[in-house]
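File shown here: final.cif, holding mmCIF, C-alpha atoms.
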data_final
#
loop_
_atom_site.label_atom_id
_atom_site.label_comp_id
_atom_site.auth_asym_id
_atom_site.auth_seq_id
_atom_site.Cartn_x
_atom_site.Cartn_y
_atom_site.Cartn_z
CA MET Z 1 88.83 93.58 112.09
CA ASN Z 2 88.45 90.17 110.47
CA GLN Z 3 91.21 89.97 107.90
CA THR Z 4 88.90 88.35 105.36
CA ALA Z 5 86.78 91.53 105.47
CA ARG Z 6 89.69 93.75 104.48
CA GLY Z 7 90.14 94.91 100.91
CA LEU Z 8 93.90 94.57 101.34
CA THR Z 9 95.71 92.42 103.90
CA ILE Z 10 99.45 92.02 104.34
CA TYR Z 11 100.48 88.61 105.66
CA PHE Z 12 104.26 88.62 105.64
CA CYS Z 13 107.26 90.81 104.80
CA GLY Z 14 110.96 90.10 104.75
CA HIS Z 15 114.41 90.90 103.46
CA GLU Z 16 117.24 88.69 102.26
CA SER Z 17 120.75 88.96 100.85
CA CYS Z 18 121.03 85.76 98.84
CA ALA Z 19 124.05 83.53 98.46
CA PRO Z 20 125.35 82.95 94.91
CA GLY Z 21 123.02 80.60 93.07
CA HIS Z 22 120.44 80.52 95.87
CA PHE Z 23 117.09 79.38 94.45
CA PHE Z 24 113.53 78.61 95.47
CA GLY Z 25 111.06 76.36 93.67
CA PRO Z 26 109.47 75.17 91.59
CA ALA Z 27 106.68 75.79 94.12
CA ILE Z 28 103.34 77.53 94.64
CA ARG Z 29 102.29 80.19 97.17
CA THR Z 30 98.94 80.95 98.77
CA HIS Z 31 98.91 84.75 98.38
CA TYR Z 32 100.40 87.35 96.07
CA LEU Z 33 104.10 87.75 96.81
CA LEU Z 34 106.00 90.74 95.45
CA HIS Z 35 109.81 90.68 95.55
CA VAL Z 36 111.70 93.88 94.73
CA VAL Z 37 115.40 93.67 93.89
CA LEU Z 38 117.54 96.14 95.87
CA LYS Z 39 120.83 95.20 94.22
CA GLY Z 40 122.42 92.35 92.31
CA LYS Z 41 120.54 90.24 89.80
CA GLY Z 42 118.84 86.90 89.19
CA ILE Z 43 116.21 85.09 87.14
CA TYR Z 44 112.50 84.48 87.63
CA ARG Z 45 110.41 81.84 85.84
CA ALA Z 46 106.62 82.10 85.72
CA GLY Z 47 103.89 81.66 83.13
CA ASN Z 48 106.18 79.71 80.78
CA ALA Z 49 108.57 82.66 80.56
CA GLU Z 50 111.92 83.55 82.11
CA TYR Z 51 112.85 87.06 83.21
CA GLU Z 52 116.34 88.41 83.94
CA LEU Z 53 115.98 90.93 86.77
CA LYS Z 54 118.20 93.55 88.38
CA GLU Z 55 118.05 96.47 90.83
CA GLY Z 56 114.70 98.26 90.71
CA ASP Z 57 112.87 95.30 89.21
CA GLY Z 58 110.06 93.54 91.01
CA PHE Z 59 108.62 90.12 90.31
CA LEU Z 60 105.16 88.94 91.30
CA ILE Z 61 104.31 85.42 92.42
CA LYS Z 62 100.61 84.80 91.87
CA PRO Z 63 98.55 82.49 94.09
CA GLN Z 64 98.57 78.82 93.12
CA GLU Z 65 100.99 79.30 90.20
CA ILE Z 66 104.22 77.32 89.90
CA THR Z 67 107.25 79.64 89.98
CA PHE Z 68 111.02 79.44 90.30
CA TYR Z 69 113.63 82.11 91.04
CA GLU Z 70 117.41 81.99 91.42
CA ALA Z 71 120.14 84.45 92.40
CA ASP Z 72 122.93 85.14 89.92
CA PRO Z 73 126.05 83.01 90.69
CA GLU Z 74 128.39 86.02 90.39
CA ASP Z 75 126.25 88.98 91.45
CA PRO Z 76 123.51 87.50 93.67
CA TRP Z 77 120.54 89.66 94.37
CA GLU Z 78 119.36 91.24 97.59
CA TYR Z 79 115.63 91.79 97.80
CA SER Z 80 112.72 92.57 100.08
CA TRP Z 81 109.29 91.02 99.73
CA VAL Z 82 105.70 91.43 100.82
CA SER Z 83 102.90 88.84 100.83
CA PHE Z 84 99.36 90.22 100.44
CA ALA Z 85 95.84 89.48 99.20
CA GLY Z 86 92.37 90.98 98.87
CA VAL Z 87 90.10 92.71 96.36
CA GLU Z 88 92.20 95.86 96.57
CA ALA Z 89 95.33 93.79 95.90
CA GLU Z 90 93.85 92.63 92.61
CA ARG Z 91 92.92 96.20 91.66
CA LEU Z 92 96.38 97.53 92.47
CA LEU Z 93 98.06 94.84 90.43
CA ARG Z 94 95.67 95.32 87.52
CA GLU Z 95 95.86 99.11 87.36
CA HIS Z 96 99.62 99.35 87.87
CA ARG Z 97 100.73 96.45 85.72
CA GLN Z 98 103.46 97.32 83.24
CA GLU Z 99 103.93 94.01 81.47
CA GLU Z 100 100.88 92.48 79.83
CA ARG Z 101 100.74 89.36 82.00
CA GLY Z 102 101.66 91.24 85.15
CA TYR Z 103 104.66 89.25 86.36
CA VAL Z 104 107.32 91.97 86.32
CA TYR Z 105 107.42 95.58 87.56
CA GLN Z 106 110.10 98.26 87.17
CA PHE Z 107 110.54 101.18 89.56
CA ASN Z 108 112.00 104.58 88.69
CA LYS Z 109 115.71 105.21 89.00
CA GLU Z 110 115.02 107.56 91.89
CA GLU Z 111 115.28 105.58 95.10
CA GLU Z 112 112.27 106.84 97.08
CA TRP Z 113 110.74 103.39 96.63
CA LYS Z 114 113.63 101.84 98.57
CA SER Z 115 112.81 103.91 101.64
CA CYS Z 116 109.12 103.07 101.32
CA LEU Z 117 109.81 99.35 100.98
CA SER Z 118 112.19 99.45 103.95
CA LYS Z 119 109.55 101.13 106.13
CA LEU Z 120 107.00 98.52 105.09
CA VAL Z 121 109.28 95.65 106.09
CA ASP Z 122 110.38 97.36 109.32
CA THR Z 123 106.76 97.99 110.31
CA PHE Z 124 105.93 94.31 109.86
CA LEU Z 125 109.00 93.16 111.78
CA SER Z 126 108.25 95.56 114.66
CA GLY Z 127 105.20 93.44 115.52
CA GLY Z 128 101.73 94.38 116.62
CA ASP Z 129 98.55 94.77 114.58
CA ARG Z 130 99.69 97.56 112.25
CA GLN Z 131 97.79 96.67 109.09
CA ASP Z 132 96.79 100.27 108.38
CA ALA Z 133 100.40 101.45 108.42
CA MET Z 134 101.60 98.54 106.31
CA THR Z 135 98.85 98.84 103.71
CA GLY Z 136 99.58 102.58 103.55
CA TYR Z 137 103.20 101.86 102.66
CA LEU Z 138 102.13 99.27 100.08
CA TYR Z 139 99.76 101.75 98.41
CA LEU Z 140 102.58 104.29 98.36
CA LEU Z 141 104.98 101.74 96.92
CA PHE Z 142 102.62 100.97 94.03
CA SER Z 143 102.11 104.69 93.43
CA MET Z 144 105.84 104.95 92.72
CA LEU Z 145 105.59 102.60 89.76
CA PRO Z 146 105.88 104.58 86.51
CA ILE Z 147 103.04 104.11 84.05
CA LYS Z 148 104.26 102.63 80.80
CA LYS Z 149 102.59 104.07 77.71
CA GLU Z 150 101.92 100.83 75.92
CA GLU Z 151 99.52 100.27 73.07
CA GLY Z 152 96.67 97.79 72.87
CA ALA Z 153 94.88 96.93 76.09
CA PHE Z 154 96.57 99.71 78.04
CA GLU Z 155 95.31 102.35 75.58
CA ALA Z 156 91.71 101.32 76.10
CA SER Z 157 92.16 101.39 79.87
CA TYR Z 158 93.43 104.99 79.69
CA VAL Z 159 90.34 106.03 77.73
CA SER Z 160 88.03 104.23 80.17
CA LYS Z 161 89.71 105.91 83.12
CA ALA Z 162 89.37 109.32 81.45
CA GLU Z 163 85.69 108.69 80.72
CA ALA Z 164 85.05 107.72 84.34
CA TYR Z 165 86.76 110.89 85.58
CA ILE Z 166 84.61 113.03 83.27
CA HIS Z 167 81.41 111.23 84.30
CA HIS Z 168 82.11 111.91 87.98
CA ASN Z 169 83.47 115.46 87.65
CA TYR Z 170 81.70 117.10 84.67
CA SER Z 171 79.82 119.48 86.99
CA TYR Z 172 83.08 121.03 88.20
CA SER Z 173 85.41 123.44 86.38
CA ILE Z 174 87.65 120.64 85.11
CA ARG Z 175 90.05 121.02 82.22
CA ILE Z 176 91.46 118.40 79.90
CA GLU Z 177 94.80 118.84 81.69
CA ASP Z 178 93.05 117.64 84.85
CA VAL Z 179 91.74 114.55 83.07
CA ALA Z 180 95.17 113.73 81.62
CA ARG Z 181 96.83 114.21 85.01
CA TYR Z 182 94.34 111.84 86.65
CA VAL Z 183 94.93 109.18 84.01
CA GLY Z 184 98.69 109.64 84.32
CA ILE Z 185 99.49 110.57 80.72
CA ASP Z 186 100.10 113.86 78.92
CA ARG Z 187 97.35 115.84 77.20
CA THR Z 188 98.64 115.22 73.68
CA TYR Z 189 98.63 111.45 74.18
CA LEU Z 190 95.12 111.58 75.68
CA TYR Z 191 93.94 113.55 72.63
CA LYS Z 192 95.37 110.92 70.27
CA LEU Z 193 93.70 108.11 72.19
CA PHE Z 194 90.28 109.81 72.14
CA ILE Z 195 90.54 110.46 68.41
CA LYS Z 196 91.50 106.82 67.90
CA TYR Z 197 88.84 105.23 70.12
CA LYS Z 198 86.03 107.81 70.38
CA LYS Z 199 86.50 109.73 67.09
CA ILE Z 200 86.26 113.02 68.98
CA SER Z 201 88.64 115.04 71.14
CA PRO Z 202 88.53 114.88 74.97
CA LYS Z 203 87.17 118.44 75.04
CA GLN Z 204 84.38 117.53 72.64
CA TYR Z 205 83.59 114.45 74.72
CA LEU Z 206 83.40 116.54 77.91
CA THR Z 207 81.09 119.08 76.27
CA ALA Z 208 78.87 116.36 74.79
CA TYR Z 209 78.55 114.68 78.17
CA ARG Z 210 77.63 117.97 79.83
CA ILE Z 211 74.97 118.61 77.17
CA MET Z 212 73.57 115.10 77.65
CA GLU Z 213 73.26 115.70 81.40
CA ALA Z 214 71.74 119.14 80.76
CA LYS Z 215 69.06 117.54 78.57
CA ARG Z 216 68.26 115.12 81.36
CA LEU Z 217 67.86 117.97 83.87
CA LEU Z 218 65.71 119.97 81.44
CA GLU Z 219 63.44 116.95 81.03
CA ASP Z 220 63.26 115.75 84.64
CA THR Z 221 63.60 118.86 86.82
CA GLU Z 222 62.29 122.40 87.13
CA LEU Z 223 65.74 123.99 87.36
CA THR Z 224 66.12 127.28 85.54
CA MET Z 225 68.37 127.54 82.48
CA THR Z 226 71.13 129.12 84.59
CA GLU Z 227 70.80 126.48 87.30
CA THR Z 228 70.90 123.72 84.70
CA GLY Z 229 74.02 125.13 83.11
CA LEU Z 230 75.80 125.53 86.44
CA SER Z 231 74.83 122.01 87.47
CA CYS Z 232 76.49 120.65 84.32
CA GLY Z 233 79.75 122.58 84.54
CA PHE Z 234 78.83 125.62 82.43
CA HIS Z 235 79.65 128.54 84.67
CA ASP Z 236 78.54 131.11 82.12
CA ALA Z 237 74.91 131.09 80.98
CA SER Z 238 75.73 132.44 77.51
CA VAL Z 239 78.34 129.72 76.96
CA PHE Z 240 75.84 127.09 78.04
CA CYS Z 241 73.20 128.36 75.66
CA ARG Z 242 75.65 128.62 72.78
CA CYS Z 243 77.02 125.08 73.29
CA PHE Z 244 73.51 123.67 73.66
CA GLN Z 245 72.34 125.44 70.49
CA GLN Z 246 75.31 124.11 68.53
CA ALA Z 247 74.72 120.56 69.74
CA GLU Z 248 70.92 120.36 69.57
CA GLY Z 249 69.94 123.01 67.03
CA LEU Z 250 67.75 124.86 69.53
CA SER Z 251 68.17 126.71 72.82
CA PRO Z 252 67.77 125.05 76.24
CA LEU Z 253 64.46 126.88 76.72
CA GLN Z 254 63.18 125.76 73.32
CA TYR Z 255 64.26 122.20 74.15
CA ARG Z 256 62.27 122.23 77.41
CA ARG Z 257 59.21 123.71 75.75
CA GLY Z 258 59.38 121.00 73.12
CA ILE Z 259 59.47 118.31 75.81
CA LEU Z 260 56.54 119.86 77.68
CA ASN Z 261 54.49 120.17 74.50
#
The structure given in the file should be rewritten as structure tokens.
Amino acid sequence: MNQTARGLTIYFCGHESCAPGHFFGPAIRTHYLLHVVLKGKGIYRAGNAEYELKEGDGFLIKPQEITFYEADPEDPWEYSWVSFAGVEAERLLREHRQEERGYVYQFNKEEEWKSCLSKLVDTFLSGGDRQDAMTGYLYLLFSMLPIKKEEGAFEASYVSKAEAYIHHNYSYSIRIEDVARYVGIDRTYLYKLFIKYKKISPKQYLTAYRIMEAKRLLEDTELTMTETGLSCGFHDASVFCRCFQQAEGLSPLQYRRGILN
């Protein structure tokens, strides 16, 4: 496959135990370059900021940006790195970012990520065209990044992600716990965000969306009331009718008759 056609392409991986004070830069790179510190510490400068990093921290070099990094003179870092690019790369970095500008990442204290990173590097060094295996390890590595519950822009992204899940899954027997699990936050926090941004609870939002879709089906199809309810996630006809009546002030059948007349 042409690498330019891939959503995610890995170009280079490596590992290094740095000498005290070892540095690189100021310089620019062509692709995204993620370094993850395995032990020791050092500094990273990017975007007019300086970061002090240690074991479990990752730092991202963005394409065409001037960066500088240096190992600590007394406890120099050891790190592994991966160079990558593509539309999927941008999505991964955007959705998993933990710091607003997206330069620094922090992995959990559990060390599963170390094994994953090691396998990624080893796969690259073993040679051959093994993009699928390498991208699989990179996806897994990003999945091990904990989601930080930050306010502001991150809050809105949680709500948007929850809305998208509901829009694609309203016809199934989903619960609010399922929505919260998909977003990666707990149910109580999701409730607070919906009250803040939507002025209704997640459950009310789900029901309202199901009723909206039910109205569309009543207007545009010849499905029966039971079929309409089932198609919109109401697996009990009486519950569907009751929720519809509460929302619209008339039954589903009365609503359809009103449209036809």
Open item on the list: Would you pick out the contacts of Z:Glu163 at 12 Å or less, using all atoms listed in the file, so that residues sharing its chain but fewer than 6 positions from it are not included, and give the list as a list in words?
Closed with: Ala156, Ser157, Asn169, Tyr170, Ile176, Val179, Ala180, Tyr182, Val183, Leu190, Leu193, Phe194, Tyr197, Lys198, Ser201, Pro202, Lys203, Tyr205, Leu206, Ala208 and Tyr209 of chain Z
Task: Selection near stretch 87-98 of chain Z, 12 Å with all atoms listed in the file, sequence-local residues under 3 positions removed, as a ChimeraX atom specification - done: /Z:3-10,31-34,57-63,82-84,101-107,135,138-151,153-154,157-158,160-161,183-184
Open item on the list: Applying 7 Å and only C-alpha atoms, which residues near Z:Glu52 remain after dropping the ones on its own chain fewer than 2 positions away? List them as number ranges by chain.
Closed with: Z: 42-44, 50
Task: d(atom CA of Z:Cys13, atom CA of Z:His35) in Å - done: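 Atom-to-atom, atom CA of Z:Cys13 to atom CA of Z:His35, that is 9.6 Å.
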Open item on the list: Quick check, in Å to one decimal: how far apart do atom CA of Z:Thr67 and atom CA of Z:Tyr137 lie?
Closed with: 25.9 Å
TODO: Determine the residue membership of the PyMOL selection byres ((chain Z and resi 38-40) around 8) for the file above and supply it as a ChimeraX atom specification.
DONE: /Z:36-37,41-42,54-56,72,75-80,114
Open item on the list: Could you tell me, as JSON, numbers by chain, exactly which residues end up selected when the PyMOL selection byres ((chain Z and resi 129) around 12) is applied to this structure?
Closed with: {"Z": [1, 2, 3, 9, 10, 11, 123, 124, 125, 126, 127, 128, 130, 131, 132, 133, 134, 135]}
Might you pull out every residue within 10 Å of Z:Glu219, with only C-alpha atoms counted and same-chain residues fewer than 6 positions away left off, and present them as an mmCIF file with C-alpha atoms, in the frame of the given file?
data_model
loop_
_atom_site.group_PDB
_atom_site.id
_atom_site.type_symbol
_atom_site.label_atom_id
_atom_site.label_comp_id
_atom_site.auth_asym_id
_atom_site.auth_seq_id
_atom_site.Cartn_x
_atom_site.Cartn_y
_atom_site.Cartn_z
ATOM 1 C CA GLU Z 213 73.260 115.700 81.400
ATOM 2 C CA TYR Z 255 64.260 122.200 74.150
ATOM 3 C CA ARG Z 256 62.270 122.230 77.410
ATOM 4 C CA ARG Z 257 59.210 123.710 75.750
ATOM 5 C CA GLY Z 258 59.380 121.000 73.120
ATOM 6 C CA ILE Z 259 59.470 118.310 75.810
ATOM 7 C CA LEU Z 260 56.540 119.860 77.680
#
Using the incomplete input, complete stretch 88-99 of chain Z to the level of all heavy atoms; output as a short mmCIF file (atom, residue, chain, number, x, y, z; two decimals), keeping the file's coordinate frame.
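As a result, part23.cif now contains:
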data_model
loop_
_atom_site.label_atom_id
_atom_site.label_comp_id
_atom_site.auth_asym_id
_atom_site.auth_seq_id
_atom_site.Cartn_x
_atom_site.Cartn_y
_atom_site.Cartn_z
N GLU Z 88 91.39 94.71 96.89
CA GLU Z 88 92.20 95.86 96.57
C GLU Z 88 93.56 95.45 96.00
O GLU Z 88 94.14 96.15 95.18
CB GLU Z 88 92.41 96.73 97.81
CG GLU Z 88 91.36 97.79 98.00
CD GLU Z 88 91.40 98.84 96.89
OE1 GLU Z 88 92.26 99.73 96.93
OE2 GLU Z 88 90.57 98.76 95.97
N ALA Z 89 94.06 94.30 96.43
CA ALA Z 89 95.33 93.79 95.90
C ALA Z 89 95.18 93.55 94.40
O ALA Z 89 96.05 93.91 93.60
CB ALA Z 89 95.73 92.51 96.62
N GLU Z 90 94.08 92.93 94.02
CA GLU Z 90 93.85 92.63 92.61
C GLU Z 90 93.71 93.91 91.80
O GLU Z 90 94.19 94.01 90.67
CB GLU Z 90 92.61 91.75 92.48
CG GLU Z 90 92.79 90.38 93.12
CD GLU Z 90 91.50 89.59 93.21
OE1 GLU Z 90 90.48 90.07 92.68
OE2 GLU Z 90 91.51 88.51 93.81
N ARG Z 91 93.05 94.93 92.37
CA ARG Z 91 92.92 96.20 91.66
C ARG Z 91 94.27 96.88 91.49
O ARG Z 91 94.59 97.37 90.40
CB ARG Z 91 91.98 97.14 92.42
CG ARG Z 91 91.75 98.48 91.70
CD ARG Z 91 91.05 99.49 92.58
NE ARG Z 91 91.86 99.89 93.71
CZ ARG Z 91 92.85 100.80 93.64
NH1 ARG Z 91 93.15 101.38 92.48
NH2 ARG Z 91 93.53 101.13 94.72
N LEU Z 92 95.06 96.91 92.56
CA LEU Z 92 96.38 97.53 92.47
C LEU Z 92 97.25 96.87 91.40
O LEU Z 92 97.88 97.56 90.59
CB LEU Z 92 97.09 97.43 93.83
CG LEU Z 92 96.69 98.42 94.92
CD1 LEU Z 92 97.34 98.03 96.23
CD2 LEU Z 92 97.08 99.83 94.53
N LEU Z 93 97.25 95.57 91.39
CA LEU Z 93 98.06 94.84 90.43
C LEU Z 93 97.56 95.05 89.01
O LEU Z 93 98.36 95.16 88.06
CB LEU Z 93 98.07 93.35 90.77
CG LEU Z 93 98.76 93.00 92.09
CD1 LEU Z 93 98.45 91.56 92.48
CD2 LEU Z 93 100.26 93.22 91.99
N ARG Z 94 96.26 95.12 88.85
CA ARG Z 94 95.67 95.32 87.52
C ARG Z 94 95.95 96.72 87.00
O ARG Z 94 96.36 96.91 85.85
CB ARG Z 94 94.17 95.06 87.57
CG ARG Z 94 93.47 95.22 86.21
CD ARG Z 94 92.00 94.88 86.32
NE ARG Z 94 91.27 95.79 87.20
CZ ARG Z 94 90.82 95.45 88.40
NH1 ARG Z 94 91.04 94.26 88.88
NH2 ARG Z 94 90.16 96.33 89.14
N GLU Z 95 95.74 97.73 87.82
CA GLU Z 95 95.86 99.11 87.36
C GLU Z 95 97.31 99.57 87.21
O GLU Z 95 97.58 100.51 86.48
CB GLU Z 95 95.10 100.04 88.31
CG GLU Z 95 93.60 99.82 88.28
CD GLU Z 95 92.84 100.91 89.02
OE1 GLU Z 95 93.48 101.84 89.54
OE2 GLU Z 95 91.60 100.82 89.07
N HIS Z 96 98.23 98.92 87.93
CA HIS Z 96 99.62 99.35 87.87
C HIS Z 96 100.50 98.39 87.08
O HIS Z 96 101.71 98.59 87.03
CB HIS Z 96 100.18 99.50 89.29
CG HIS Z 96 99.59 100.64 90.05
ND1 HIS Z 96 100.06 101.94 89.93
CD2 HIS Z 96 98.55 100.70 90.92
CE1 HIS Z 96 99.35 102.74 90.71
NE2 HIS Z 96 98.43 102.01 91.32
N ARG Z 97 99.91 97.40 86.46
CA ARG Z 97 100.73 96.45 85.72
C ARG Z 97 101.45 97.14 84.57
O ARG Z 97 100.91 98.07 83.95
CB ARG Z 97 99.89 95.27 85.21
CG ARG Z 97 99.02 95.57 84.00
CD ARG Z 97 98.15 94.36 83.68
NE ARG Z 97 97.45 94.52 82.42
CZ ARG Z 97 96.34 95.21 82.25
NH1 ARG Z 97 95.79 95.82 83.30
NH2 ARG Z 97 95.77 95.31 81.07
N GLN Z 98 102.65 96.71 84.30
CA GLN Z 98 103.46 97.32 83.24
C GLN Z 98 103.74 96.33 82.12
O GLN Z 98 103.99 96.74 81.00
CB GLN Z 98 104.80 97.80 83.84
CG GLN Z 98 104.63 98.85 84.92
CD GLN Z 98 105.94 99.14 85.60
OE1 GLN Z 98 106.65 98.22 86.00
NE2 GLN Z 98 106.28 100.40 85.74
N GLU Z 99 103.71 95.07 82.46
CA GLU Z 99 103.93 94.01 81.47
C GLU Z 99 102.61 93.28 81.33
O GLU Z 99 101.90 93.10 82.32
CB GLU Z 99 105.06 93.10 81.98
CG GLU Z 99 105.33 91.89 81.12
CD GLU Z 99 104.81 90.60 81.77
OE1 GLU Z 99 104.54 90.58 82.99
OE2 GLU Z 99 104.66 89.61 81.03
#
